[in-house]
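Novice: This is the structure, below, for whatever I ask next.
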Amino acid sequence: MKDQASKLRSLVQNVKKGNDQSLVEKSKENDKGAYIYTITSGKGGVGKSNFTANLSLALKKQGKEVVIFDADLGMANLDVILGVTPRYNLEHVIQGRKSIEEIMVQGPEGLSLIPGGSGIQELANLSQYQINNLINAFIKIGEKFDIILIDTGAGLAHNVVNFILGADEVIVISTPEPTSITDAYGVIKVISNQDKNVKVKLVVNQSENEREGERIAKRLIKTANNFLNLDIELLGVLPKDNAVVKSVMARSPFLLEFPRSKIARSINNTASKLIDTKVAKKSQGIRGLFNKLLGF
């Protein structure tokens, strides 16, 4: 990652000297600062991608322009949840063969998905030309959308941590299972040690009831505050609901398949809370994302 940081610093220096006419500097005034959330978890199987897909639709229903970036290299399944089949992915953008618009897939309700694919793996070893292409591509995205949701892999792989630290805020998903709670805390601890100012929101998924979810969240929030000196906000508690399994089998988000289900109501409430708590915040935007990457 040091090599990548060195290349990125070199690129920015060239831009400042006028030696590179990339869109990084040209687009400063045009970058509207799409707010970036990275959604992650300590372990797999907690419903992270399902949450991401349905949260995106709920935000879109409430008037926000949202794009999902599927950054889960090992277990990418947002395409299955959304019922789409991507033909291209981020690798084609990095290689200069496709634009970001050409790889973008339109899902239900006009929701936009950027497939990461094997391009995520290439992020650790990019040439200056490829870095330039990637920055330009994401700046364009930042001009068109209000919110970017980055769905990462579970755990603490190198690229996962980088996407977490580069976001405006992090949403950590956990279930009531003890191992899930422990792993969620592990993720929070690692990112807090690397960035004391990280903003973390917590979602407890697959809870038997709201009271159980709030109890678990309260315990995790208290532990993070006591031992990490970190304030975590509870974003939402999502119930167990058979609508989730049925919607996955139908390859359609539960918000569309079962709009009156308990889980649909909960995800709508979560989206409303996310919008309400974002009102006073200023996004780093895409340029902020890459500025943080320079520091890695």
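Following the order of the structure tokens, chains are lettered A, B, ..., residues in each are numbered from 1, and ligands are numbered from 1.
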Enumerate, as an mmCIF file with N, CA, C and O atoms, in the first residue's frame, the complete set of residues in region 102-210 of chain A that a backbone-based DSSP assignment places in alpha helix (DSSP H).
Specialist:
```cif
data_model
loop_
_atom_site.group_PDB
_atom_site.id
_atom_site.type_symbol
_atom_site.label_atom_id
_atom_site.label_comp_id
_atom_site.auth_asym_id
_atom_site.auth_seq_id
_atom_site.Cartn_x
_atom_site.Cartn_y
_atom_site.Cartn_z
ATOM 1 N N GLU A 102 -20.229 3.051 -18.504
ATOM 2 C CA GLU A 102 -20.435 1.845 -19.307
ATOM 3 C C GLU A 102 -20.474 0.571 -18.471
ATOM 4 O O GLU A 102 -21.090 -0.415 -18.876
ATOM 5 N N ILE A 103 -19.820 0.579 -17.313
ATOM 6 C CA ILE A 103 -19.860 -0.623 -16.477
ATOM 7 C C ILE A 103 -21.029 -0.585 -15.499
ATOM 8 O O ILE A 103 -21.387 -1.601 -14.913
ATOM 9 N N GLY A 119 -11.346 -5.941 -10.213
ATOM 10 C CA GLY A 119 -10.704 -4.630 -10.184
ATOM 11 C C GLY A 119 -10.323 -4.208 -8.786
ATOM 12 O O GLY A 119 -9.367 -3.440 -8.589
ATOM 13 N N ILE A 120 -11.041 -4.704 -7.773
ATOM 14 C CA ILE A 120 -10.721 -4.358 -6.384
ATOM 15 C C ILE A 120 -9.332 -4.856 -6.029
ATOM 16 O O ILE A 120 -8.555 -4.177 -5.366
ATOM 17 N N GLN A 121 -8.997 -6.050 -6.489
ATOM 18 C CA GLN A 121 -7.701 -6.634 -6.185
ATOM 19 C C GLN A 121 -6.571 -5.819 -6.804
ATOM 20 O O GLN A 121 -5.475 -5.714 -6.256
ATOM 21 N N GLU A 122 -6.843 -5.200 -7.947
ATOM 22 C CA GLU A 122 -5.823 -4.438 -8.651
ATOM 23 C C GLU A 122 -5.513 -3.095 -7.994
ATOM 24 O O GLU A 122 -4.518 -2.447 -8.327
ATOM 25 N N GLN A 128 0.375 4.993 -12.639
ATOM 26 C CA GLN A 128 -0.111 6.371 -12.561
ATOM 27 C C GLN A 128 -1.262 6.589 -13.533
ATOM 28 O O GLN A 128 -2.241 7.273 -13.220
ATOM 29 N N TYR A 129 -1.166 5.995 -14.709
ATOM 30 C CA TYR A 129 -2.227 6.112 -15.710
ATOM 31 C C TYR A 129 -3.535 5.527 -15.178
ATOM 32 O O TYR A 129 -4.613 6.121 -15.335
ATOM 33 N N GLN A 130 -3.452 4.379 -14.531
ATOM 34 C CA GLN A 130 -4.649 3.726 -14.000
ATOM 35 C C GLN A 130 -5.237 4.521 -12.837
ATOM 36 O O GLN A 130 -6.457 4.627 -12.703
ATOM 37 N N ILE A 131 -4.383 5.051 -11.985
ATOM 38 C CA ILE A 131 -4.849 5.889 -10.874
ATOM 39 C C ILE A 131 -5.602 7.095 -11.417
ATOM 40 O O ILE A 131 -6.671 7.462 -10.925
ATOM 41 N N ASN A 132 -5.039 7.703 -12.450
ATOM 42 C CA ASN A 132 -5.657 8.865 -13.072
ATOM 43 C C ASN A 132 -7.044 8.531 -13.598
ATOM 44 O O ASN A 132 -8.018 9.259 -13.368
ATOM 45 N N ASN A 133 -7.153 7.391 -14.298
ATOM 46 C CA ASN A 133 -8.452 6.955 -14.816
ATOM 47 C C ASN A 133 -9.466 6.764 -13.699
ATOM 48 O O ASN A 133 -10.635 7.150 -13.814
ATOM 49 N N LEU A 134 -9.030 6.155 -12.600
ATOM 50 C CA LEU A 134 -9.934 5.844 -11.505
ATOM 51 C C LEU A 134 -10.426 7.110 -10.796
ATOM 52 O O LEU A 134 -11.615 7.247 -10.492
ATOM 53 N N ILE A 135 -9.506 8.026 -10.528
ATOM 54 C CA ILE A 135 -9.894 9.279 -9.877
ATOM 55 C C ILE A 135 -10.891 10.043 -10.735
ATOM 56 O O ILE A 135 -11.922 10.521 -10.258
ATOM 57 N N ASN A 136 -10.587 10.157 -12.030
ATOM 58 C CA ASN A 136 -11.482 10.869 -12.937
ATOM 59 C C ASN A 136 -12.867 10.231 -12.965
ATOM 60 O O ASN A 136 -13.892 10.927 -12.943
ATOM 61 N N ALA A 137 -12.888 8.905 -13.006
ATOM 62 C CA ALA A 137 -14.158 8.181 -13.077
ATOM 63 C C ALA A 137 -15.011 8.436 -11.844
ATOM 64 O O ALA A 137 -16.217 8.692 -11.947
ATOM 65 N N PHE A 138 -14.397 8.402 -10.675
ATOM 66 C CA PHE A 138 -15.169 8.568 -9.446
ATOM 67 C C PHE A 138 -15.563 10.024 -9.191
ATOM 68 O O PHE A 138 -16.585 10.290 -8.557
ATOM 69 N N ILE A 139 -14.779 10.957 -9.693
ATOM 70 C CA ILE A 139 -15.182 12.360 -9.596
ATOM 71 C C ILE A 139 -16.464 12.578 -10.393
ATOM 72 O O ILE A 139 -17.381 13.276 -9.961
ATOM 73 N N LYS A 140 -16.541 11.955 -11.566
ATOM 74 C CA LYS A 140 -17.760 12.058 -12.371
ATOM 75 C C LYS A 140 -18.962 11.492 -11.623
ATOM 76 O O LYS A 140 -20.060 12.043 -11.678
ATOM 77 N N ILE A 141 -18.746 10.392 -10.932
ATOM 78 C CA ILE A 141 -19.826 9.785 -10.151
ATOM 79 C C ILE A 141 -20.284 10.739 -9.050
ATOM 80 O O ILE A 141 -21.473 10.892 -8.771
ATOM 81 N N GLY A 142 -19.318 11.382 -8.394
ATOM 82 C CA GLY A 142 -19.642 12.303 -7.311
ATOM 83 C C GLY A 142 -20.483 13.479 -7.748
ATOM 84 O O GLY A 142 -21.196 14.086 -6.944
ATOM 85 N N GLU A 143 -20.415 13.811 -9.039
ATOM 86 C CA GLU A 143 -21.193 14.930 -9.559
ATOM 87 C C GLU A 143 -22.657 14.555 -9.790
ATOM 88 O O GLU A 143 -23.525 15.415 -9.855
ATOM 89 N N LYS A 144 -22.927 13.267 -9.929
ATOM 90 C CA LYS A 144 -24.262 12.827 -10.334
ATOM 91 C C LYS A 144 -25.119 12.269 -9.207
ATOM 92 O O LYS A 144 -26.330 12.137 -9.359
ATOM 93 N N HIS A 158 -7.074 -5.981 3.611
ATOM 94 C CA HIS A 158 -6.421 -4.695 3.375
ATOM 95 C C HIS A 158 -7.333 -3.716 2.648
ATOM 96 O O HIS A 158 -7.481 -2.555 3.041
ATOM 97 N N ASN A 159 -7.958 -4.172 1.552
ATOM 98 C CA ASN A 159 -8.787 -3.244 0.779
ATOM 99 C C ASN A 159 -10.043 -2.838 1.545
ATOM 100 O O ASN A 159 -10.565 -1.742 1.354
ATOM 101 N N VAL A 160 -10.528 -3.708 2.429
ATOM 102 C CA VAL A 160 -11.704 -3.364 3.237
ATOM 103 C C VAL A 160 -11.389 -2.194 4.154
ATOM 104 O O VAL A 160 -12.139 -1.212 4.228
ATOM 105 N N VAL A 161 -10.272 -2.268 4.853
ATOM 106 C CA VAL A 161 -9.877 -1.198 5.773
ATOM 107 C C VAL A 161 -9.679 0.108 5.022
ATOM 108 O O VAL A 161 -10.072 1.184 5.485
ATOM 109 N N ASN A 162 -9.083 0.044 3.836
ATOM 110 C CA ASN A 162 -8.853 1.256 3.054
ATOM 111 C C ASN A 162 -10.157 1.936 2.664
ATOM 112 O O ASN A 162 -10.280 3.162 2.733
ATOM 113 N N PHE A 163 -11.132 1.152 2.245
ATOM 114 C CA PHE A 163 -12.426 1.725 1.889
ATOM 115 C C PHE A 163 -13.131 2.301 3.120
ATOM 116 O O PHE A 163 -13.836 3.305 3.034
ATOM 117 N N ILE A 164 -12.956 1.668 4.262
ATOM 118 C CA ILE A 164 -13.552 2.169 5.499
ATOM 119 C C ILE A 164 -12.966 3.529 5.871
ATOM 120 O O ILE A 164 -13.685 4.488 6.150
ATOM 121 N N LEU A 165 -11.647 3.621 5.841
ATOM 122 C CA LEU A 165 -10.982 4.847 6.251
ATOM 123 C C LEU A 165 -11.184 5.986 5.261
ATOM 124 O O LEU A 165 -11.058 7.154 5.618
ATOM 125 N N GLY A 166 -11.502 5.653 4.025
ATOM 126 C CA GLY A 166 -11.702 6.677 3.017
ATOM 127 C C GLY A 166 -13.117 7.220 2.957
ATOM 128 O O GLY A 166 -13.369 8.196 2.257
ATOM 129 N N PRO A 178 -23.239 -13.927 19.581
ATOM 130 C CA PRO A 178 -22.031 -13.476 20.292
ATOM 131 C C PRO A 178 -20.807 -13.334 19.391
ATOM 132 O O PRO A 178 -20.041 -12.376 19.528
ATOM 133 N N THR A 179 -20.616 -14.281 18.454
ATOM 134 C CA THR A 179 -19.450 -14.196 17.566
ATOM 135 C C THR A 179 -19.546 -12.988 16.646
ATOM 136 O O THR A 179 -18.537 -12.340 16.341
ATOM 137 N N SER A 180 -20.739 -12.680 16.208
ATOM 138 C CA SER A 180 -20.946 -11.526 15.333
ATOM 139 C C SER A 180 -20.666 -10.224 16.075
ATOM 140 O O SER A 180 -20.038 -9.305 15.544
ATOM 141 N N ILE A 181 -21.128 -10.152 17.316
ATOM 142 C CA ILE A 181 -20.896 -8.953 18.140
ATOM 143 C C ILE A 181 -19.402 -8.762 18.405
ATOM 144 O O ILE A 181 -18.870 -7.660 18.285
ATOM 145 N N THR A 182 -18.723 -9.864 18.734
ATOM 146 C CA THR A 182 -17.286 -9.813 18.995
ATOM 147 C C THR A 182 -16.516 -9.360 17.766
ATOM 148 O O THR A 182 -15.620 -8.515 17.839
ATOM 149 N N ASP A 183 -16.872 -9.903 16.605
ATOM 150 C CA ASP A 183 -16.195 -9.542 15.364
ATOM 151 C C ASP A 183 -16.500 -8.101 14.959
ATOM 152 O O ASP A 183 -15.642 -7.408 14.394
ATOM 153 N N ALA A 184 -17.711 -7.661 15.209
ATOM 154 C CA ALA A 184 -18.067 -6.270 14.907
ATOM 155 C C ALA A 184 -17.221 -5.319 15.749
ATOM 156 O O ALA A 184 -16.706 -4.308 15.240
ATOM 157 N N TYR A 185 -17.076 -5.658 17.021
ATOM 158 C CA TYR A 185 -16.236 -4.834 17.890
ATOM 159 C C TYR A 185 -14.782 -4.845 17.409
ATOM 160 O O TYR A 185 -14.081 -3.825 17.460
ATOM 161 N N GLY A 186 -14.321 -6.011 16.926
ATOM 162 C CA GLY A 186 -12.958 -6.117 16.412
ATOM 163 C C GLY A 186 -12.717 -5.165 15.251
ATOM 164 O O GLY A 186 -11.667 -4.508 15.165
ATOM 165 N N VAL A 187 -13.687 -5.080 14.331
ATOM 166 C CA VAL A 187 -13.574 -4.159 13.195
ATOM 167 C C VAL A 187 -13.538 -2.718 13.682
ATOM 168 O O VAL A 187 -12.710 -1.908 13.245
ATOM 169 N N ILE A 188 -14.441 -2.401 14.600
ATOM 170 C CA ILE A 188 -14.508 -1.032 15.137
ATOM 171 C C ILE A 188 -13.197 -0.659 15.826
ATOM 172 O O ILE A 188 -12.690 0.457 15.673
ATOM 173 N N LYS A 189 -12.626 -1.588 16.554
ATOM 174 C CA LYS A 189 -11.371 -1.334 17.267
ATOM 175 C C LYS A 189 -10.231 -1.046 16.302
ATOM 176 O O LYS A 189 -9.455 -0.094 16.498
ATOM 177 N N VAL A 190 -10.120 -1.848 15.262
ATOM 178 C CA VAL A 190 -9.029 -1.664 14.287
ATOM 179 C C VAL A 190 -9.135 -0.317 13.584
ATOM 180 O O VAL A 190 -8.147 0.421 13.473
ATOM 181 N N ILE A 191 -10.322 0.034 13.102
ATOM 182 C CA ILE A 191 -10.458 1.289 12.368
ATOM 183 C C ILE A 191 -10.331 2.492 13.304
ATOM 184 O O ILE A 191 -9.825 3.546 12.907
ATOM 185 N N SER A 192 -10.750 2.319 14.565
ATOM 186 C CA SER A 192 -10.602 3.398 15.536
ATOM 187 C C SER A 192 -9.131 3.642 15.865
ATOM 188 O O SER A 192 -8.706 4.790 16.041
ATOM 189 N N ASN A 193 -8.350 2.583 15.929
ATOM 190 C CA ASN A 193 -6.919 2.726 16.199
ATOM 191 C C ASN A 193 -6.196 3.449 15.071
ATOM 192 O O ASN A 193 -5.186 4.118 15.286
ATOM 193 N N GLN A 194 -6.727 3.323 13.848
ATOM 194 C CA GLN A 194 -6.090 3.970 12.700
ATOM 195 C C GLN A 194 -6.626 5.366 12.441
ATOM 196 O O GLN A 194 -5.952 6.186 11.817
ATOM 197 N N GLU A 210 -37.182 -5.526 18.750
ATOM 198 C CA GLU A 210 -36.445 -4.265 18.851
ATOM 199 C C GLU A 210 -35.740 -4.126 20.199
ATOM 200 O O GLU A 210 -34.629 -3.605 20.285
#
```
Novice: Any chance you could list, as a PyMOL selection string, the residues in region 49-103 of chain A that come up strand (DSSP E) when DSSP is run on the backbone?
Specialist: chain A and resi 66-71
Novice: Between A:Gly45, A:Gly117, A:Gly236, A:Gly96, which is the closest to Asn269 (chain A) once you count only C-alpha atoms?
Specialist: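 That would be A:Gly236, the residue with the smallest distance to Asn269 (chain A).
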Novice: Excluding region 245-251 of chain A and residues on its chain fewer than 2 positions from it, collect all residues at most 7 Å away from it, counting only C-alpha atoms, and give them as number ranges by chain.
Specialist: A: 80-83, 242-243, 253-254, 257
Novice: How would the residues just chosen look if you wrote them out with N, CA and C atoms as a PDB file, in the first residue's frame?
Specialist:
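Listed below is the output, out-v9.pdb:
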```pdb
ATOM      1  N   VAL A  80     -27.028 -10.438  -7.585  1.00  0.00           N
ATOM      2  CA  VAL A  80     -28.055 -11.475  -7.383  1.00  0.00           C
ATOM      3  C   VAL A  80     -29.247 -10.892  -6.636  1.00  0.00           C
ATOM      4  N   ILE A  81     -28.962 -10.134  -5.588  1.00  0.00           N
ATOM      5  CA  ILE A  81     -30.029  -9.534  -4.778  1.00  0.00           C
ATOM      6  C   ILE A  81     -30.871  -8.575  -5.608  1.00  0.00           C
ATOM      7  N   LEU A  82     -30.204  -7.837  -6.493  1.00  0.00           N
ATOM      8  CA  LEU A  82     -30.907  -6.844  -7.309  1.00  0.00           C
ATOM      9  C   LEU A  82     -31.465  -7.429  -8.607  1.00  0.00           C
ATOM     10  N   GLY A  83     -31.113  -8.696  -8.890  1.00  0.00           N
ATOM     11  CA  GLY A  83     -31.630  -9.345 -10.084  1.00  0.00           C
ATOM     12  C   GLY A  83     -31.027  -8.818 -11.377  1.00  0.00           C
ATOM     13  N   ASN A 242     -39.215 -13.611   7.450  1.00  0.00           N
ATOM     14  CA  ASN A 242     -39.172 -14.576   6.347  1.00  0.00           C
ATOM     15  C   ASN A 242     -39.203 -13.896   4.983  1.00  0.00           C
ATOM     16  N   ALA A 243     -39.607 -12.650   4.964  1.00  0.00           N
ATOM     17  CA  ALA A 243     -39.650 -11.905   3.705  1.00  0.00           C
ATOM     18  C   ALA A 243     -38.264 -11.786   3.085  1.00  0.00           C
ATOM     19  N   PRO A 253     -35.296  -7.361  -4.213  1.00  0.00           N
ATOM     20  CA  PRO A 253     -35.191  -6.802  -2.860  1.00  0.00           C
ATOM     21  C   PRO A 253     -36.517  -6.895  -2.097  1.00  0.00           C
ATOM     22  N   PHE A 254     -36.414  -7.150  -0.797  1.00  0.00           N
ATOM     23  CA  PHE A 254     -37.642  -7.320  -0.006  1.00  0.00           C
ATOM     24  C   PHE A 254     -38.459  -6.037   0.060  1.00  0.00           C
ATOM     25  N   GLU A 257     -40.572  -6.586  -3.029  1.00  0.00           N
ATOM     26  CA  GLU A 257     -41.377  -7.806  -3.010  1.00  0.00           C
ATOM     27  C   GLU A 257     -42.413  -7.788  -1.884  1.00  0.00           C
TER      28      GLU A 257
END
```
Novice: Between A:Val67, A:Val198, A:Val105, A:Leu228, which one has atoms that come closest to Tyr35 (chain A), using only C-alpha atoms?
Specialist: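 Nearest to Tyr35 (chain A): A:Val67.
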Novice: Please identify all polymer residues within 6 Å of Ser41 (chain A), counting only C-alpha atoms, omitting same-chain residues fewer than 3 positions from it, and present them as a list in words.
Specialist: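 Non-adjacent residues within range: Ala154, Val172, Ile173 and Ala184 of chain A.
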Novice: Would you save the residues of that selection, restricted to N, CA and C atoms, as an mmCIF file, in the first residue's frame?
Specialist:
```cif
data_model
loop_
_atom_site.group_PDB
_atom_site.id
_atom_site.type_symbol
_atom_site.label_atom_id
_atom_site.label_comp_id
_atom_site.auth_asym_id
_atom_site.auth_seq_id
_atom_site.Cartn_x
_atom_site.Cartn_y
_atom_site.Cartn_z
ATOM 1 N N ALA A 154 -16.523 -8.833 4.285
ATOM 2 C CA ALA A 154 -16.495 -8.925 5.749
ATOM 3 C C ALA A 154 -15.052 -9.036 6.226
ATOM 4 N N VAL A 172 -21.565 -0.319 10.473
ATOM 5 C CA VAL A 172 -21.163 -1.677 10.847
ATOM 6 C C VAL A 172 -22.416 -2.507 11.123
ATOM 7 N N ILE A 173 -22.498 -3.661 10.475
ATOM 8 C CA ILE A 173 -23.649 -4.552 10.647
ATOM 9 C C ILE A 173 -23.274 -5.706 11.577
ATOM 10 N N ALA A 184 -17.711 -7.661 15.209
ATOM 11 C CA ALA A 184 -18.067 -6.270 14.907
ATOM 12 C C ALA A 184 -17.221 -5.319 15.749
#
```
Novice: Which residue, A:Asn89, A:Asn229, A:Ser174, A:Ser252, has the smallest gap to Glu214 (chain A) when you use only C-alpha atoms?
Specialist: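 So, comparing all the options, the nearest one is A:Ser174.
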Novice: Within 12 Å of Val244 (chain A), counting only C-alpha atoms, which residues qualify if same-chain residues fewer than 5 places away don't, as a PyMOL selection string?
Specialist: chain A and resi 47+49-51+53-54+81+205-206+238-239+249-259+261-264+267
Novice: Find the distance between CA of Lys201 (chain A) and CA of Thr52 (chain A) and write it in Å to one decimal.
Specialist: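 Here the two named atoms are 13.7 Å from each other.
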